[in-house]
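Peer 1: Let me begin by handing over the structure; questions about it come next.
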Amino acid sequence: MTTELPTVAAARVDELKRQIAVNDHRYYVLDEPGISDSEYDRLMRELRELEAAHPELVTADSPSQRVGGSALRTFSEVVHQLPMLSLGNAFSEQDAADFVRKVQEATGEAEPQFSVEPKLDGLAISLRYEHGLFVRGATRGDGSTGEDVTANLRTLRSIPLRIAGDTPPAVLEVRGEVVMPRRAFEAFNSAARERGERTLANPRNGAAGSLRQLDPAVTAARPLMFYAYALGVVEGWPLPARHSELLQNLRALGFSVHPEARSARGLTGLLEYFAAIGARRSTLDVDIDGVVYKVDRLDQQAELGFVSRAPRWAIAHKFPAQEEQTVVEAIEVQVGRTGALTPVARLRPVHVAGVVVTNATLHNENEVRRKDVRAGDTVIVRRAGDVIPEVVSVVLDARPDGSSEWQLPPLCPECGSHVVREADQAVARCSGGLICPAQRKEAIRHFCSRRAMDIEGLGSETIDDMVSLAFLRGGAQPRQLGTVAELYTLGLDDLLELKRLQDERAGITPDPKKKTPTKWAENLLASIAGSKTPSLQRLLFALGILQTGEGTAKELALAFGSLDEIAAADVVVLMMVPNIGLTVAESIAAFFAEPHNCEVIAALTAAGVQPQRAAPAADFVARLEFSAQLESLKTSISARGSVGFPSVASTVFQATAAHVASFAALAALDLAELRALGWNETAAAQLRVLFEDASWQARLAGIDAQIGRLRRDAPQVVSKGPLSGQTVVLTGSLSGMTRDQAGARLEALGAKLSGSVSKKTSFVVAGAEAGSKLDKARELGVQVLDEAALLALLGSHEA
DNA sequence: TGGCCTCGAGTTCA
DNA sequence: CTCGAGGCCA
């Protein structure tokens with residue numbers, strides 16, 4: 001090829017440039033590829049070879065120059081000859097109506113025509129063409145001065161390096177938005193993830209970050225797209241009469257204009273477009289944050305003119321934002337009821353989907369690491385499920401210098417105790433227990449909460465003060481509230497003293513004319529007094545035993561019937577309760593083994609708190625067979641015990657249980673008898689060792705004793721409700737009663753309630769507006785009852 | 001042992 | 001609503 005004559009080479013170079021430009025336009029603007037990728041590559045390679053042989057033929061508009069030159073050190077400034085405008089915003093239909101009214105007044109037209117288009121969420125830029133050649137591209141910047149990003153823009157195939165047409169204008173500035181299409185964004189991110197590289201936070205940041213790369217090669221690798229929507233300086237190019245025609249003309253020059261651009265008439269037309277685009281927002285390939293309305297006729301635009309920097313002839317009608325950027329002012333650590341430390345991002349207040357968000361949980365240490373959130377970072381915030389604020393990701397490009405990874409504090413921020421994090425556990429905990437004021441406070445709050453003891457009139461701040469202000473004057477020294485039991489010893493004078501201390505701290509001198517807050521105090525005391533006869537389930541939940549929430553509390557209450565029996569229960573017995581395994585059982589046993597907790601319970605009892613008692617559940621007691629006790633003992637010992645426990649098959653346990661029914665009886669068996677029951681030499685020997693240990697003897701005797709008590713106290717006749725064994729799911733809203741009420745009546749008949757539909761569900765009660773659970777029931781062929789059928793069922797059994 | 005499923009615990013804001 | 005982890009069944 002190097003042997004070709006320069007003129008022949010020049011002609012070939014021109015032809016190659018033309019073909020590549022045509023294909024770029026087809027592929028990137030029209031989205032209809034004309035030739036295969038390999039064919040395209042072949043053209044490009046040939047062009048590069050020719051240019052290498054004839055350097056004098058290399059021109060600025062050559063596609064080989066899209067990625068050219070070396071990395072820049074900084075961007076130079078570009079002053080926009082014609083400033084790049086910002087648009088006024090409309091956030092409501094009223095704002096849009098006001099805009100239309102002003103246009104009507106200024107133009108005298110009843111139904112002015114508008115050009116409407118999606119407001120792309122990207123980066124506004126201006127492209128300058130001189131005599132048809134792309135010479136410079138700049139960001140919007142502050143509108144009057146931007147940054148020169150020509151080298152990066154050259155790498156965008158949707159930006160023509162030379163505009164089509166035989167008589168190019170002397171000067172043409174085309175303005176528009178650089179965006180990263182959502183599909184390309186996702187593809188880029190999954191590829192980056194596979195390579196273990198940083199992912200982009202969102203398409204908008206992807207576009208902005210990509211254009212601000214100093215090395216154009218990086219930009220070239222990013223899937224960016226340019227959409228034109230306006231002009232800047234124009235010389236030697238006739239302007240059409242309408243904006244909509246202008247968009248057509250830009251298309252003809254080789255630019256892409258967003259395909260959703262339309263014309264609309266009057267306010268109704270605008271709002272219809274707004275609604276239509278809003279409905280299809282998630283299916284568009286580009287993120288948008290609203291739509292733009294422009295007066296279509298350019299002469300009317302000129303008539304309307306500008307207010308400061310925004311045109312009066314155009315407005316952006318914004319969708320309510322669902323994701324916003326803000327700054328993490330600090331990462332603080334909260335201490336929960338169980339001592340769990342939770343990092344929380346304190347955010348610069350920002351509107352997200354209609355509310356001001358200032359906090360967002362970061363869950364735990366791992367989560368902070370994974371997202372690498374740091375104080376001072378700019379982050380993207382979203383409302384998960386449109387409710388709970390959540391930090392989506394960090395905008396790395398905006399990270400201030402000198403920031404460092406967030407560290408979990410080694411000491412509890414509330415009490416200074418050591419922070420411990422167990423191996424392979426995600427949560428870190430304050431080891432201070434009830435020494436920690438935060439834990440004390442949260443424990444009291446939990447105790448009073450609606451689903452626990454349901455004590456009204458105790459807000460978070462009041463509890464805070466009860467724990468920190470010395471307002472109890474019973475003893476020699478004024479004291480703070482220490483335990484939940486002390487709530488029941490509060491008197492009117494204590495509460496008034498608390499209020500006085502609060503006022504004193506706030507610097508308020510009590511106004512003698514004003515009534516003392518007796519009403520509040522009386523109501524609170526009444527509420528406390530009214531909580532003295534909780535269900536056992538509520539009291540258990542209120543105590544705040546680790547791992548014991550509402551569900552577990554209910555199982556425990558149901559199985560044992562009284563607090564004493566639960567407190568006395570060995571891990572082995574606890575594990576036989578449904579849904580209680582080793583971990584939860586140990587947690588419960590540890591709670592009742594702690595003297596401090598027993599004191600609190602004793603104090604509660606002394607104060608008159610008396611949970612309702614019931615007999616042990618017959619079906620639970622029925623499950624306490626000796627073979628099951630042996631299984632349970634084996635599980636607990638082999639997982640944690642210092643003693644070894646023989647690996648014994650279930651069949652051996654069953655054979656053993658057929659002969660003996662207690663640990664005492666088992667201990668009385670000699671080796672030969674054990675062998676006869678299927679225990680092998682080592683297993684039997686290990687069992688003997690265990691039974692000879694004094695503390696084990698005591699423990700096993702305790703289990704025997706409790707099981708004896710439970711058997712004696714359990715109702716002899718198993719009261720089987722007519723619906724026992726049935727699992728019921730309630731969904732939708734009932735008209736005559738609440739779901740809770742319906743649930744209670746069903747449970748009274750022996751039914752078991754569940755939250756989710758599975759093939760084990762006996763039937764589903766579906767009220768009005770039942771959702772996915774009803775669908776699931778239909779899918780699984782589970783019987784569905786409506787409210788009338790439910791009432792009939794209840795009626796037939798309750799009599 | 002792995003994969004459900006459910007539960008526990010913590011959290012936001014009007 | 002989320003994540004994490006415990007329990008249980010295959």
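Order determines the names: the first chain of the structure tokens is A, the second B, and so forth; residues in each chain are numbered 1 upward, and ligands are numbered 1 upward as they are shown.
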Can you write out as CSV which residues of chain A fall within 7 Å of chain B, alongside each residue's closest atom pair and its distance in Å to one decimal, counting only C-alpha atoms (C1' of nucleotides) and ordering rows by chain and ascending residue number?

Peer 2:
residue,atom,partner,partner_atom,distance
A:Thr361,CA,B:DT11,C1',6.3
A:Ile388,CA,B:DT12,C1',5.4
A:Pro389,CA,B:DT12,C1',6.5
A:Gln547,CA,B:DG8,C1',6.2
A:Gly549,CA,B:DG8,C1',6.0

Peer 1: Any chance you could tabulate, as CSV, the residues of chain C at most 8 Å from chain A with each one's nearest atom pair and distance in Å to one decimal, using only C-alpha atoms (C1' of nucleotides), in chain and rising number order?

Peer 2:
residue,atom,partner,partner_atom,distance
C:DC1,C1',A:Ile388,CA,6.4
C:DC3,C1',A:His363,CA,7.4
C:DG4,C1',A:Ala426,CA,7.3
C:DG6,C1',A:Gly581,CA,7.4
C:DG7,C1',A:Asn579,CA,5.8

Peer 1: Name all residues at most 12 Å from Ala789 of chain A (count only C-alpha atoms (C1' of nucleotides); drop same-chain ones fewer than 3 positions away) and give them as JSON, numbers by chain.

Peer 2: {"A": [734, 763, 764, 765, 766, 767, 783, 784, 785, 786, 792, 793, 794, 795, 796]}

Peer 1: One decimal, Å: what's the distance from atom CA of Val78 of chain A over to atom CA of Glu147 of chain A, could you say?

Peer 2: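 Distance between the two atoms: 5.5 Å.
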
Peer 1: Write out as a short mmCIF file (atom, residue, chain, number, x, y, z; two decimals) with N, CA, C and O atoms, in the first residue's frame each polymer residue whose atoms come within 10 Å of Leu347 of chain A, counting only C-alpha atoms (C1' of nucleotides); drop sequence neighbours fewer than 4 positions from it.

Peer 2:
data_model
loop_
_atom_site.label_atom_id
_atom_site.label_comp_id
_atom_site.auth_asym_id
_atom_site.auth_seq_id
_atom_site.Cartn_x
_atom_site.Cartn_y
_atom_site.Cartn_z
N GLN A 325 -28.91 13.21 45.20
CA GLN A 325 -27.55 13.23 45.73
C GLN A 325 -27.51 14.12 46.96
O GLN A 325 -28.19 15.13 47.01
N THR A 326 -26.73 13.70 47.91
CA THR A 326 -26.50 14.58 49.04
C THR A 326 -25.15 14.23 49.65
O THR A 326 -24.45 13.37 49.14
N VAL A 327 -24.82 14.91 50.75
CA VAL A 327 -23.50 14.73 51.34
C VAL A 327 -23.63 14.06 52.70
O VAL A 327 -24.52 14.40 53.48
N VAL A 328 -22.77 13.11 52.96
CA VAL A 328 -22.73 12.46 54.27
C VAL A 328 -21.96 13.40 55.20
O VAL A 328 -20.76 13.56 55.04
N GLU A 329 -22.67 13.99 56.14
CA GLU A 329 -21.98 14.93 57.03
C GLU A 329 -21.21 14.19 58.10
O GLU A 329 -20.18 14.65 58.57
N ALA A 330 -21.72 13.05 58.48
CA ALA A 330 -21.01 12.24 59.47
C ALA A 330 -21.57 10.83 59.45
O ALA A 330 -22.68 10.61 58.97
N ILE A 331 -20.78 9.90 59.93
CA ILE A 331 -21.29 8.55 60.15
C ILE A 331 -21.27 8.33 61.65
O ILE A 331 -20.21 8.33 62.27
N VAL A 357 -35.08 13.88 53.81
CA VAL A 357 -34.34 12.78 54.43
C VAL A 357 -33.07 13.34 55.06
O VAL A 357 -32.35 14.11 54.45
N THR A 358 -32.83 12.95 56.31
CA THR A 358 -31.61 13.41 56.98
C THR A 358 -30.77 12.24 57.49
O THR A 358 -29.59 12.41 57.78
N ASN A 359 -31.39 11.08 57.63
CA ASN A 359 -30.66 9.92 58.14
C ASN A 359 -30.87 8.74 57.21
O ASN A 359 -31.90 8.62 56.57
N ALA A 360 -29.89 7.88 57.20
CA ALA A 360 -30.07 6.62 56.47
C ALA A 360 -29.23 5.56 57.16
O ALA A 360 -28.06 5.79 57.45
N ALA A 375 -17.28 9.68 55.64
CA ALA A 375 -17.76 11.01 56.02
C ALA A 375 -17.27 11.99 54.96
O ALA A 375 -16.13 11.92 54.51
N GLY A 376 -18.13 12.89 54.51
CA GLY A 376 -17.76 13.87 53.50
C GLY A 376 -18.10 13.43 52.08
O GLY A 376 -18.05 14.23 51.16
N ASP A 377 -18.43 12.16 51.93
CA ASP A 377 -18.74 11.65 50.59
C ASP A 377 -20.06 12.21 50.06
O ASP A 377 -20.98 12.48 50.83
N THR A 378 -20.11 12.36 48.76
CA THR A 378 -21.38 12.62 48.10
C THR A 378 -21.99 11.26 47.78
O THR A 378 -21.31 10.40 47.24
N VAL A 379 -23.24 11.08 48.17
CA VAL A 379 -23.86 9.78 47.97
C VAL A 379 -25.20 9.92 47.25
O VAL A 379 -25.78 11.00 47.23
N VAL A 381 -29.01 8.81 47.35
CA VAL A 381 -29.96 8.33 48.35
C VAL A 381 -31.27 7.98 47.67
O VAL A 381 -31.71 8.68 46.77
N VAL A 391 -28.79 4.47 51.38
CA VAL A 391 -27.67 4.97 50.58
C VAL A 391 -27.42 3.95 49.47
O VAL A 391 -27.13 2.79 49.75
#

Peer 1: Going by DSSP on the backbone, which residues of segment 73-266 of chain A come out as strand (DSSP E or B)? List them as a PyMOL selection string.

Peer 2: chain A and resi 77-79+88-90+113-120+123-130+133-139+145-148+162+171-179+225-235+242+262-265

Peer 1: Restricting the output to C-alpha atoms, write the selected residues as a tab-separated table (two decimals), in the first residue's frame.

Peer 2:
chain	number	residue	atom	x	y	z
A	77	GLU	CA	-11.89	26.76	30.08
A	78	VAL	CA	-14.26	27.62	27.30
A	79	VAL	CA	-16.31	30.78	27.35
A	88	GLY	CA	-37.20	27.18	34.99
A	89	ASN	CA	-38.74	24.24	36.79
A	90	ALA	CA	-42.35	23.25	37.18
A	113	GLN	CA	-48.23	25.08	20.03
A	114	PHE	CA	-45.34	23.52	21.92
A	115	SER	CA	-42.48	21.25	21.11
A	116	VAL	CA	-42.13	18.73	23.93
A	117	GLU	CA	-39.38	16.28	24.72
A	118	PRO	CA	-38.08	14.18	27.62
A	119	LYS	CA	-35.67	15.96	29.93
A	120	LEU	CA	-32.67	13.68	29.71
A	123	LEU	CA	-24.65	16.22	31.04
A	124	ALA	CA	-25.43	19.28	28.91
A	125	ILE	CA	-22.77	20.11	26.34
A	126	SER	CA	-22.22	22.38	23.39
A	127	LEU	CA	-20.57	21.26	20.13
A	128	ARG	CA	-19.02	23.83	17.81
A	129	TYR	CA	-18.72	23.17	14.07
A	130	GLU	CA	-16.80	25.52	11.79
A	133	LEU	CA	-15.93	20.42	10.97
A	134	PHE	CA	-16.22	19.58	14.66
A	135	VAL	CA	-13.73	21.90	16.34
A	136	ARG	CA	-14.67	22.08	19.98
A	137	GLY	CA	-16.97	20.62	22.57
A	138	ALA	CA	-17.55	22.04	26.02
A	139	THR	CA	-19.52	21.24	29.12
A	145	THR	CA	-17.96	29.16	31.08
A	146	GLY	CA	-17.50	25.43	30.67
A	147	GLU	CA	-14.68	22.96	30.26
A	148	ASP	CA	-13.13	21.94	26.99
A	162	ARG	CA	-18.15	16.45	10.09
A	171	VAL	CA	-20.42	28.40	12.42
A	172	LEU	CA	-22.94	26.03	14.01
A	173	GLU	CA	-23.14	25.28	17.69
A	174	VAL	CA	-25.30	22.29	18.53
A	175	ARG	CA	-26.37	21.80	22.08
A	176	GLY	CA	-27.68	18.71	23.73
A	177	GLU	CA	-27.22	16.08	26.38
A	178	VAL	CA	-24.64	13.36	26.77
A	179	VAL	CA	-26.20	10.36	28.45
A	225	MET	CA	-24.74	8.81	23.57
A	226	PHE	CA	-25.43	12.38	22.48
A	227	TYR	CA	-28.90	13.81	21.88
A	228	ALA	CA	-29.27	17.25	20.32
A	229	TYR	CA	-32.04	19.65	21.36
A	230	ALA	CA	-30.92	23.25	20.83
A	231	LEU	CA	-28.55	25.61	19.02
A	232	GLY	CA	-25.96	28.09	20.16
A	233	VAL	CA	-24.18	30.47	17.81
A	234	VAL	CA	-25.23	30.07	14.16
A	235	GLU	CA	-23.66	31.76	11.16
A	242	ARG	CA	-40.33	26.28	14.34
A	262	ARG	CA	-43.33	15.49	19.96
A	263	SER	CA	-45.60	18.46	19.37
A	264	ALA	CA	-48.42	19.37	21.72
A	265	ARG	CA	-51.14	22.00	21.94

Peer 1: So how many Å separate atom CA of Ile277 of chain A and atom CA of Ala314 of chain A, to one decimal?

Peer 2: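 So the answer is 17.8 Å.
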